[in-house]
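For reference, query_21.csv (CSV, C-alpha atoms and all ligand atoms):
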chain,number,residue,atom,x,y,z
V,978,MET,CA,121.6,94.4,117.9
V,979,SER,CA,119.9,96.2,120.8
V,980,GLU,CA,116.1,95.7,120.4
V,981,GLN,CA,115.3,98.9,122.1
V,982,LYS,CA,117.5,101.0,119.8
V,983,LEU,CA,116.3,99.6,116.5
V,984,LEU,CA,114.7,102.9,115.4
V,985,GLU,CA,116.6,105.3,117.6
V,986,GLY,CA,117.1,108.7,115.9
V,987,LYS,CA,114.4,108.0,113.3
V,988,VAL,CA,111.3,109.9,112.6
V,989,ALA,CA,108.2,108.1,111.3
V,990,LEU,CA,105.0,109.4,109.7
V,991,ILE,CA,102.2,106.9,110.1
V,992,THR,CA,98.9,107.6,108.5
V,993,GLY,CA,95.6,106.4,110.0
V,994,ALA,CA,97.5,105.7,113.2
V,995,GLY,CA,94.7,106.7,115.6
V,996,ARG,CA,93.2,103.2,115.5
V,997,GLY,CA,93.7,99.5,114.7
V,998,VAL,CA,96.8,98.4,112.8
V,999,GLY,CA,98.3,102.0,112.5
V,1000,ARG,CA,98.0,102.6,116.2
V,1001,GLU,CA,99.9,99.4,117.0
V,1002,ILE,CA,102.7,100.2,114.5
V,1003,ALA,CA,103.0,103.7,116.1
V,1004,LEU,CA,103.3,102.3,119.6
V,1005,LEU,CA,105.9,99.7,118.7
V,1006,MET,CA,107.9,102.2,116.6
V,1007,ALA,CA,107.9,104.6,119.6
V,1008,LYS,CA,109.0,101.8,121.9
V,1009,ARG,CA,111.9,101.1,119.6
V,1010,GLY,CA,113.1,104.7,119.7
V,1011,ALA,CA,111.4,106.5,116.8
V,1012,LYS,CA,109.7,109.9,117.1
V,1013,VAL,CA,106.3,109.5,115.5
V,1014,LEU,CA,103.9,111.8,113.7
V,1015,ILE,CA,100.4,110.3,114.2
V,1016,ASN,CA,98.2,111.2,111.3
V,1017,ASP,CA,94.5,110.4,111.6
V,1018,LEU,CA,91.4,112.2,110.3
V,1019,GLY,CA,89.3,110.3,112.8
V,1020,GLY,CA,86.3,109.7,110.5
V,1021,SER,CA,83.9,106.9,110.3
V,1022,ALA,CA,84.9,103.5,108.8
V,1023,GLN,CA,83.0,104.6,105.6
V,1024,GLY,CA,85.1,107.9,105.4
V,1025,GLU,CA,82.6,110.4,106.8
V,1026,ASP,CA,83.1,113.1,109.4
V,1027,SER,CA,86.3,113.7,111.4
V,1028,ASP,CA,87.4,113.5,115.1
V,1029,GLN,CA,90.8,114.6,116.6
V,1030,SER,CA,90.6,112.3,119.6
V,1031,PRO,CA,92.0,109.0,118.1
V,1032,ALA,CA,95.3,110.7,117.0
V,1033,ALA,CA,95.5,112.8,120.1
V,1034,GLU,CA,95.0,109.7,122.4
V,1035,VAL,CA,97.8,107.8,120.6
V,1036,VAL,CA,100.1,110.8,121.1
V,1037,ARG,CA,99.2,110.9,124.8
V,1038,ASP,CA,99.9,107.1,125.1
V,1039,ILE,CA,103.3,107.5,123.5
V,1040,LYS,CA,104.3,110.5,125.7
V,1041,ALA,CA,103.1,108.6,128.7
V,1042,MET,CA,105.6,105.8,128.0
V,1043,GLY,CA,108.4,108.4,127.6
V,1044,GLY,CA,108.3,108.6,123.8
V,1045,GLU,CA,108.1,111.6,121.5
V,1046,ALA,CA,105.1,112.1,119.2
V,1047,ALA,CA,102.9,114.8,117.5
V,1048,ALA,CA,99.4,114.6,116.0
V,1049,ASN,CA,98.2,115.5,112.5
V,1050,TYR,CA,94.4,115.5,111.8
V,1051,ASP,CA,94.4,116.0,108.0
V,1052,SER,CA,93.2,113.7,105.3
V,1053,VAL,CA,95.7,111.8,103.2
V,1054,SER,CA,93.5,112.2,100.2
V,1055,SER,CA,94.6,115.9,99.9
V,1056,PHE,CA,98.0,116.3,98.1
V,1057,LYS,CA,98.5,119.6,99.9
V,1058,ALA,CA,97.7,118.2,103.3
V,1059,ALA,CA,100.2,115.3,102.7
V,1060,GLU,CA,102.8,117.9,102.0
V,1061,GLY,CA,101.9,119.5,105.4
V,1062,MET,CA,102.4,116.1,107.1
V,1063,VAL,CA,105.9,115.8,105.7
V,1064,GLU,CA,106.7,119.4,106.7
V,1065,GLN,CA,105.3,118.9,110.2
V,1066,ALA,CA,107.4,115.8,110.8
V,1067,GLN,CA,110.5,117.8,109.9
V,1068,ASP,CA,109.5,120.9,111.8
V,1069,GLU,CA,108.2,119.3,115.0
V,1070,LEU,CA,110.1,116.1,115.2
V,1071,GLY,CA,113.3,117.0,113.4
V,1072,GLY,CA,113.3,115.0,110.1
V,1073,LEU,CA,111.6,112.2,108.2
V,1074,ASP,CA,113.0,108.7,107.7
V,1075,ILE,CA,109.9,106.3,107.6
V,1076,VAL,CA,106.5,106.6,106.0
V,1077,VAL,CA,103.8,104.1,106.7
V,1078,ASN,CA,100.8,104.5,104.3
V,1079,ASN,CA,98.1,102.9,106.5
V,1080,ALA,CA,95.0,105.2,106.5
V,1081,GLY,CA,92.0,103.4,105.1
V,1082,ILE,CA,88.2,103.2,104.7
V,1083,LEU,CA,85.8,100.6,103.4
V,1084,ARG,CA,82.6,101.0,101.3
V,1085,ASP,CA,81.8,97.4,100.3
V,1086,ARG,CA,79.1,97.1,97.7
V,1087,ILE,CA,78.3,94.4,95.2
V,1088,PHE,CA,79.7,95.8,91.9
V,1089,HIS,CA,76.4,96.5,90.1
V,1090,LYS,CA,75.4,98.7,93.1
V,1091,MET,CA,78.7,100.5,93.6
V,1092,SER,CA,78.3,104.3,93.1
V,1093,GLU,CA,80.8,106.7,91.7
V,1094,GLU,CA,81.1,108.3,95.1
V,1095,ASP,CA,81.9,104.9,96.8
V,1096,TRP,CA,84.6,104.3,94.2
V,1097,ASP,CA,86.1,107.8,94.4
V,1098,LEU,CA,86.2,107.9,98.2
V,1099,VAL,CA,87.9,104.5,98.5
V,1100,VAL,CA,90.4,105.1,95.7
V,1101,ASP,CA,91.2,108.6,97.0
V,1102,VAL,CA,92.0,107.5,100.5
V,1103,HIS,CA,94.0,104.3,99.7
V,1104,LEU,CA,95.6,104.8,96.3
V,1105,LYS,CA,95.8,108.5,95.9
V,1106,GLY,CA,96.5,109.0,99.6
V,1107,SER,CA,99.4,106.6,99.4
V,1108,PHE,CA,100.8,108.4,96.4
V,1109,ASN,CA,100.3,111.8,98.1
V,1110,VAL,CA,102.3,111.0,101.2
V,1111,ALA,CA,104.9,108.9,99.3
V,1112,ARG,CA,105.4,111.6,96.7
V,1113,HIS,CA,106.2,114.4,99.3
V,1114,ALA,CA,108.3,112.0,101.3
V,1115,ALA,CA,110.3,111.1,98.2
V,1116,THR,CA,111.6,114.7,97.9
V,1117,VAL,CA,113.0,114.5,101.4
V,1118,PHE,CA,114.3,110.9,101.0
V,1119,ARG,CA,116.0,111.6,97.7
V,1120,LYS,CA,117.8,114.6,99.2
V,1121,GLN,CA,119.0,112.7,102.3
V,1122,GLU,CA,119.7,109.5,100.2
V,1123,SER,CA,117.8,107.2,102.6
V,1124,GLY,CA,114.2,106.4,103.6
V,1125,ARG,CA,111.7,103.7,104.2
V,1126,MET,CA,108.2,103.4,102.7
V,1127,ILE,CA,105.7,100.7,103.9
V,1128,HIS,CA,102.3,100.6,102.4
V,1129,MET,CA,99.3,98.6,103.5
V,1130,THR,CA,97.8,96.3,100.8
V,1131,SER,CA,95.2,93.6,101.2
V,1132,THR,CA,94.5,90.1,100.0
V,1133,SER,CA,91.2,91.6,98.8
V,1134,GLY,CA,93.4,93.1,96.0
V,1135,LEU,CA,96.1,90.4,95.8
V,1136,ILE,CA,93.6,87.6,95.6
V,1137,GLY,CA,90.1,89.1,95.4
V,1138,ASN,CA,86.9,89.3,97.4
V,1139,PHE,CA,83.1,89.9,97.0
V,1140,GLY,CA,81.9,93.5,97.1
V,1141,GLN,CA,85.3,95.0,97.1
V,1142,ALA,CA,86.0,96.1,93.6
V,1143,SER,CA,86.9,99.7,94.7
V,1144,TYR,CA,89.0,98.5,97.7
V,1145,GLY,CA,90.7,95.6,95.8
V,1146,ALA,CA,91.5,97.8,92.9
V,1147,ALA,CA,93.0,100.5,95.2
V,1148,LYS,CA,95.0,97.9,97.2
V,1149,LEU,CA,96.4,96.1,94.2
V,1150,GLY,CA,97.2,99.6,92.7
V,1151,ILE,CA,99.2,100.3,95.9
V,1152,VAL,CA,101.3,97.1,95.2
V,1153,ALA,CA,102.2,98.5,91.7
V,1154,LEU,CA,102.9,102.0,93.2
V,1155,SER,CA,105.2,100.4,95.8
V,1156,LYS,CA,107.1,98.3,93.3
V,1157,CYS,CA,107.6,101.2,90.9
V,1158,ILE,CA,108.8,103.5,93.8
V,1159,ALA,CA,111.2,100.7,94.8
V,1160,LEU,CA,112.6,100.6,91.3
V,1161,ASP,CA,112.9,104.4,91.0
V,1162,MET,CA,114.3,105.1,94.4
V,1163,ALA,CA,116.7,102.1,95.1
V,1164,ARG,CA,119.5,104.3,93.7
V,1165,TYR,CA,118.8,106.7,96.7
V,1166,ASN,CA,118.8,103.8,99.3
V,1167,VAL,CA,115.0,104.2,99.7
V,1168,THR,CA,113.1,101.0,100.1
V,1169,SER,CA,109.4,100.5,99.4
V,1170,ASN,CA,107.5,97.4,100.5
V,1171,CYS,CA,103.9,96.3,101.1
V,1172,ILE,CA,102.3,94.6,104.1
V,1173,GLY,CA,99.0,92.7,103.7
V,1174,PRO,CA,97.6,92.5,107.2
V,1175,PHE,CA,94.9,90.3,108.7
V,1176,ALA,CA,93.6,91.9,111.9
V,1177,TRP,CA,90.4,92.4,113.8
V,1178,SER,CA,89.7,96.1,113.6
V,1179,ARG,CA,86.9,98.6,113.2
V,1180,LEU,CA,87.3,98.4,109.4
V,1181,VAL,CA,86.9,94.6,109.4
V,1182,GLY,CA,83.9,95.0,111.6
V,1183,THR,CA,82.1,96.8,108.7
V,1184,ILE,CA,82.3,93.7,106.4
V,1185,PRO,CA,78.7,92.6,105.8
V,1186,VAL,CA,78.0,89.1,107.2
V,1187,ASN,CA,75.6,87.5,104.7
V,1188,SER,CA,76.3,83.8,105.0
V,1189,GLU,CA,77.6,81.2,107.4
V,1190,ALA,CA,81.0,81.3,105.6
V,1191,ASP,CA,81.1,85.1,106.3
V,1192,ARG,CA,80.3,84.5,109.9
V,1193,VAL,CA,83.0,81.9,110.3
V,1194,ARG,CA,85.5,84.3,108.6
V,1195,VAL,CA,84.6,87.1,111.0
V,1196,GLU,CA,84.9,84.9,114.0
V,1197,ARG,CA,88.3,83.8,112.9
V,1198,MET,CA,89.3,87.5,112.3
V,1199,LYS,CA,88.4,88.3,115.9
V,1200,THR,CA,91.3,86.1,117.1
V,1201,MET,CA,93.8,88.1,115.0
V,1202,THR,CA,94.9,91.1,117.0
V,1203,PRO,CA,96.4,94.3,115.2
V,1204,ASP,CA,99.5,94.3,117.5
V,1205,LYS,CA,100.8,91.2,115.6
V,1206,ILE,CA,101.2,93.4,112.4
V,1207,ALA,CA,103.6,95.8,114.0
V,1208,PRO,CA,106.9,93.7,114.3
V,1209,PRO,CA,107.4,93.1,110.6
V,1210,VAL,CA,106.6,96.8,109.9
V,1211,VAL,CA,109.2,97.9,112.4
V,1212,ALA,CA,111.7,95.4,111.0
V,1213,LEU,CA,111.2,96.7,107.5
V,1214,ALA,CA,111.6,100.3,108.8
V,1215,SER,CA,115.0,99.5,110.3
V,1216,ASP,CA,118.4,100.1,108.8
V,1217,GLN,CA,119.0,96.3,108.9
V,1218,ALA,CA,116.3,95.8,106.2
V,1219,GLN,CA,118.1,97.9,103.6
V,1220,HIS,CA,118.2,94.9,101.2
V,1221,ILE,CA,114.5,94.1,101.4
V,1222,ASN,CA,112.8,96.1,98.6
V,1223,GLY,CA,109.8,95.8,96.3
V,1224,GLN,CA,108.3,92.9,98.3
V,1225,VAL,CA,104.8,92.0,99.5
V,1226,ILE,CA,104.5,90.4,102.9
V,1227,CYS,CA,101.3,89.2,104.5
V,1228,VAL,CA,101.0,89.0,108.3
V,1229,ARG,CA,98.3,87.0,110.1
V,1230,SER,CA,98.7,86.5,113.9
V,1231,ASN,CA,102.1,84.6,114.3
V,1232,GLU,CA,102.4,83.8,110.5
V,1233,ILE,CA,104.4,85.8,108.0
V,1234,PHE,CA,104.1,85.1,104.2
V,1235,LEU,CA,106.1,86.3,101.3
V,1236,MET,CA,103.5,86.8,98.5
V,1237,GLY,CA,104.1,85.9,94.9
V,1238,GLN,CA,104.5,88.5,92.1
V,1239,SER,CA,103.1,88.1,88.6
V,1240,ARG,CA,105.1,86.0,86.1
V,1241,PRO,CA,104.0,84.4,82.8
V,1242,LEU,CA,102.6,80.9,83.8
V,1243,ARG,CA,102.3,79.3,80.4
V,1244,GLY,CA,102.8,80.6,76.8
V,1245,MET,CA,101.3,79.5,73.4
V,1246,GLN,CA,102.6,80.8,70.1
V,1247,THR,CA,101.9,80.3,66.4
V,1248,ALA,CA,103.9,81.4,63.4
V,1249,GLU,CA,100.7,82.3,61.5
V,1250,GLY,CA,99.3,84.6,64.1
V,1251,TRP,CA,96.1,84.1,66.1
V,1252,THR,CA,92.5,84.4,64.9
V,1253,PRO,CA,89.7,84.6,67.4
V,1254,GLU,CA,88.8,81.0,66.3
V,1255,THR,CA,92.3,79.6,66.8
V,1256,VAL,CA,92.4,81.3,70.2
V,1257,LEU,CA,89.1,79.6,71.1
V,1258,ASN,CA,90.0,76.2,69.7
V,1259,HIS,CA,93.7,76.0,70.4
V,1260,ALA,CA,95.1,78.6,72.8
V,1261,PHE,CA,92.4,78.7,75.5
V,1262,PRO,CA,92.1,74.9,75.8
V,1263,ALA,CA,95.9,74.6,76.1
V,1264,LEU,CA,96.0,77.4,78.8
V,1265,GLU,CA,92.9,76.3,80.7
V,1266,SER,CA,94.5,73.7,82.9
V,1267,THR,CA,96.8,76.4,84.2
V,1268,MET,CA,94.1,79.1,84.7
V,1269,TYR,CA,93.2,80.2,88.2
V,1270,PRO,CA,89.8,79.4,89.6
V,1271,LEU,CA,87.6,82.3,90.8
V,1272,GLU,CA,88.9,82.2,94.4
V,1273,ARG,CA,88.5,84.7,97.2
V,1274,SER,CA,91.0,85.6,99.9
V,1275,PRO,CA,89.2,83.4,102.6
V,1276,GLU,CA,89.4,80.4,100.3
V,1277,ILE,CA,93.2,80.7,99.9
V,1278,PHE,CA,93.8,81.6,103.6
V,1279,ASN,CA,91.4,78.8,104.7
V,1280,TRP,CA,93.2,77.5,107.7
V,1281,ASP,CA,93.0,78.8,111.3
V,1282,PRO,CA,95.7,81.4,112.0
V,1283,VAL,CA,98.6,80.2,114.2
E,1301,LIG,N1,92.4,94.9,109.5
E,1301,LIG,C1,92.6,94.1,108.4
E,1301,LIG,O1,92.4,92.8,108.5
E,1301,LIG,C2,93.2,94.6,107.2
E,1301,LIG,C3,93.3,93.7,106.1
E,1301,LIG,C4,93.8,94.2,104.9
E,1301,LIG,C5,94.3,95.5,104.8
E,1301,LIG,N2,94.1,96.4,105.9
E,1301,LIG,C6,94.6,97.7,105.8
E,1301,LIG,O2,95.3,98.1,106.9
E,1301,LIG,C7,95.1,99.5,107.1
E,1301,LIG,C8,94.6,99.8,108.5
E,1301,LIG,O3,93.3,99.3,108.7
E,1301,LIG,P1,92.6,98.9,110.1
E,1301,LIG,O4,92.0,97.6,109.9
E,1301,LIG,O5,93.5,99.2,111.2
E,1301,LIG,O6,91.4,100.0,110.1
E,1301,LIG,P2,90.9,101.1,111.1
E,1301,LIG,O7,89.6,101.7,110.6
E,1301,LIG,O8,91.0,100.6,112.5
E,1301,LIG,O9,92.0,102.3,111.0
E,1301,LIG,C9,92.1,103.1,109.9
E,1301,LIG,C10,92.4,104.5,110.3
E,1301,LIG,O10,92.5,105.3,109.1
E,1301,LIG,C11,91.9,106.6,109.4
E,1301,LIG,N3,91.6,107.3,108.2
E,1301,LIG,C12,90.6,107.0,107.3
E,1301,LIG,N4,90.6,107.8,106.3
E,1301,LIG,C13,91.6,108.7,106.5
E,1301,LIG,C14,92.1,109.8,105.8
E,1301,LIG,N5,91.6,110.2,104.6
E,1301,LIG,N6,93.2,110.5,106.3
E,1301,LIG,C15,93.8,110.1,107.4
E,1301,LIG,N7,93.3,109.0,108.2
E,1301,LIG,C16,92.3,108.4,107.7
E,1301,LIG,C17,90.7,106.2,110.2
E,1301,LIG,O11,90.3,107.4,111.0
E,1301,LIG,C18,91.2,105.1,111.1
E,1301,LIG,O12,91.6,105.5,112.4
E,1301,LIG,C19,94.1,100.0,106.0
E,1301,LIG,O13,94.9,100.5,104.9
E,1301,LIG,C20,93.4,98.7,105.6
E,1301,LIG,O14,92.9,98.8,104.3
E,1301,LIG,C21,93.6,95.9,107.1

As C-alpha cells, the full file:
Amino acid sequence: MSEQKLLEGKVALITGAGRGVGREIALLMAKRGAKVLINDLGGSAQGEDSDQSPAAEVVRDIKAMGGEAAANYDSVSSFKAAEGMVEQAQDELGGLDIVVNNAGILRDRIFHKMSEEDWDLVVDVHLKGSFNVARHAATVFRKQESGRMIHMTSTSGLIGNFGQASYGAAKLGIVALSKCIALDMARYNVTSNCIGPFAWSRLVGTIPVNSEADRVRVERMKTMTPDKIAPPVVALASDQAQHINGQVICVRSNEIFLMGQSRPLRGMQTAEGWTPETVLNHAFPALESTMYPLERSPEIFNWDPV
C-alpha cells in the first residue's frame, strides 16, 4: 500500500478545518492525495463573529504543497449552508467521498447558570451541524454506494465533565447519530465512526482553570498536539477501513483507544413486579456495587499521555 496514494482520487469536506484538529486533518488528507473543501466560519471559540482568514490560509497552505483545496466560510448550523458545502465539493472539486464533522465551539457554564442561548448555540453547531452535513452527504453517498463519515465526539460526553452539560449532551448525541447512520447506511458501503480527540487547541484554551487539578490538566493538554489526531482519521477515511463501522475511537498523542459501547451491566428481576419500596430495598442495593462513581474525563484518563 503506497502511503502517498491512500486518499488519491478522493474528495473530502472537513468542517471547522481552519484551525486546530480540523486543520491538521485537512493537511494530512491533502498530503495523502485527497482534494479538500476547507469549511470554517472563523468565529470566536464561543461561536461569535466570523472571519474568512483561517479557512483561506489552510487552502493556501495546501496549494503551496501542491495539493488541491477550496474554501467555504459558512456555518454548519444552517441546513441550507450544509447543502451548499456538499454541492461546492462536487462542483469545484469533482465529487464527495469523505465528510469530517469537526466544527466546534464551547460555552462552558456550571449547569444552574447555563442560559438557553448557551445551550442552543452549542447544540446547533455540534449536534445539528453534524446532522446537517451528514444528511446532505448521505444523498450523494447513497447514490454512489460509497462514503466515509467521521464525527468528532469528546470524553466530556462519553464520560462527563464539569460545566459541559450542553457540550457533553451534544457530543454524546453525535455518538448516537453516528451509530444510527452506520446502521442505516452500511447497505450502501458507507461507514460512520467517531473520534474523541485530546489536543491542545484554541477551544481547550477556553476551559476555565479554577483549581490545581484544572491547572495540571491544562498543562498536560499543552503537550498533546492536534497533528496526532490526523492519522487515525485519514486511516478511517481510506478504502482499507471499509470494515470499521459504528465505532468510537479516542486519540491522545501516541495513544489510540477503542471506547466501550453501552451494554446492560447487571439485571434484577421479580415475578411479582417492582414497587418503589422493593426497588429501594432490593434492586438498588443489589445493583449498587456495579454502579459507576461520578467520575470526570480527567479522572479516567489520569495518566500522562505517551
Ligand atoms: N481539542 C480537544 O482536546 C478536543 C477534545 C474533544 C473534542 N474536540 C472536538 O474536536 C473538534 C475540533 O476542535 P479544536 O479543539 O480543534 O477547536 P478549534 O477551536 O481550534 O477549531 C474549531 C473550528 O471550528 C470552527 N467553527 C466553529 N463554529 C463553526 C460553524 N458554525 N461552522 C463552521 N465552522 C465553525 C472554528 O472557527 C474553528 O476554526 C471540535 O468538534 C471539538 O469539540 C476537541

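Closest approach to Val1195 of chain V among V:Leu1070, V:Arg1086, V:Asp1281, V:Gly1244: V:Asp1281, based on all atoms listed in the file.
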
> Can you tell me which residues sit at most 8 Å away from ligand LIG 1301 (chain E), counting all atoms listed in the file, written as a ChimeraX atom specification?
Replying inline: /V:992-1000,1016-1022,1024,1027-1028,1031-1032,1050-1055,1078-1083,1101-1103,1106,1128-1133,1144,1148,1173-1181,1198,1203

> Please, what distance in Å, to one decimal, runs between atom CA of Leu1135 of chain V and atom CA of Ser1215 of chain V?
Replying inline: 25.5 Å

> So which one's closest to Leu1213 of chain V, V:Pro1253, V:Gly1150, V:Gly1124, V:Pro1262? Using all atoms listed in the file, please.
Replying inline: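 Of V:Pro1253, V:Gly1150, V:Gly1124, V:Pro1262, the one nearest Leu1213 of chain V, counting all atoms listed in the file, is V:Gly1124.
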
> What does the distance from atom CA of Ala1048 of chain V to atom CA of Glu1069 of chain V come to in Å, to one decimal?
Replying inline: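 Atom CA of Ala1048 of chain V sits 10.0 Å away from atom CA of Glu1069 of chain V.
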
> Expressed in Å to a single decimal, how great is the separation between atom CA of Glu1025 of chain V and atom CA of Ala1003 of chain V?
Replying inline: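 These two atoms are separated by 23.4 Å.
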
Per residue of segment 1090-1164 of chain V within 7 Å of segment 1218-1239 of chain V, record the nearest atom pair and its distance in Å to one decimal, counting only C-alpha atoms, with rows in chain order and ascending residue number, as a tab-separated table.
residue	atom	partner	partner_atom	distance
V:Ser1155	CA	V:Gly1223	CA	6.5
V:Lys1156	CA	V:Gly1223	CA	4.7
V:Ala1159	CA	V:Gly1223	CA	5.3

> So which residues fall inside 12 Å of (116.0, 96.7, 110.1) if we count only C-alpha atoms? Mind giving them as a PyMOL selection string?
Replying inline: chain V and resi 978-980+982-985+987+1006+1009+1075+1124-1125+1168+1208-1222

> From the list V:Ser1092, V:Ser1143, V:Asn1170, V:Gln1029, which residue is nearest Ala1111 of chain V when using only C-alpha atoms?
Replying inline: V:Asn1170

>> I want to know what sits within 10 Å of Gln1121 of chain V, based on only C-alpha atoms, with residues of the same chain fewer than 2 positions away left out; could you give that as a list in words?
In response: Gly1072, Leu1073, Asp1074, Ala1115, Thr1116, Val1117, Phe1118, Arg1119, Ser1123, Gly1124, Tyr1165, Asn1166 and Val1167 of chain V

>> Using all atoms listed in the file for the distances, tell me which of V:Ala1207, V:Arg1192, V:Gly1137, V:Ala1153 is nearest to Ile991 of chain V.
In response: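 Looking at the shortest contact to Ile991 of chain V, the residue is V:Ala1207.
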
>> as a list in words, please: the residues near Ala1142 of chain V (cut-off 9 Å, all atoms listed in the file, same-chain neighbours under 4 positions excluded).
In response: Asp1085, Arg1086, Ile1087, Phe1088, Met1091, Trp1096, Ser1133, Gly1134, Gly1137, Asn1138, Ala1146 and Ala1147 of chain V

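The residue that comes closest to Gly1044 of chain V, out of V:Asp1026, V:Val1100, V:Leu990, V:Lys1012 and on the basis of all atoms listed in the file, is V:Lys1012.
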
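Counting only C-alpha atoms, the residue from V:Glu1196, V:Ile1172, V:Gln1065, V:Leu1005 that sits nearest to Met1042 of chain V is V:Leu1005.
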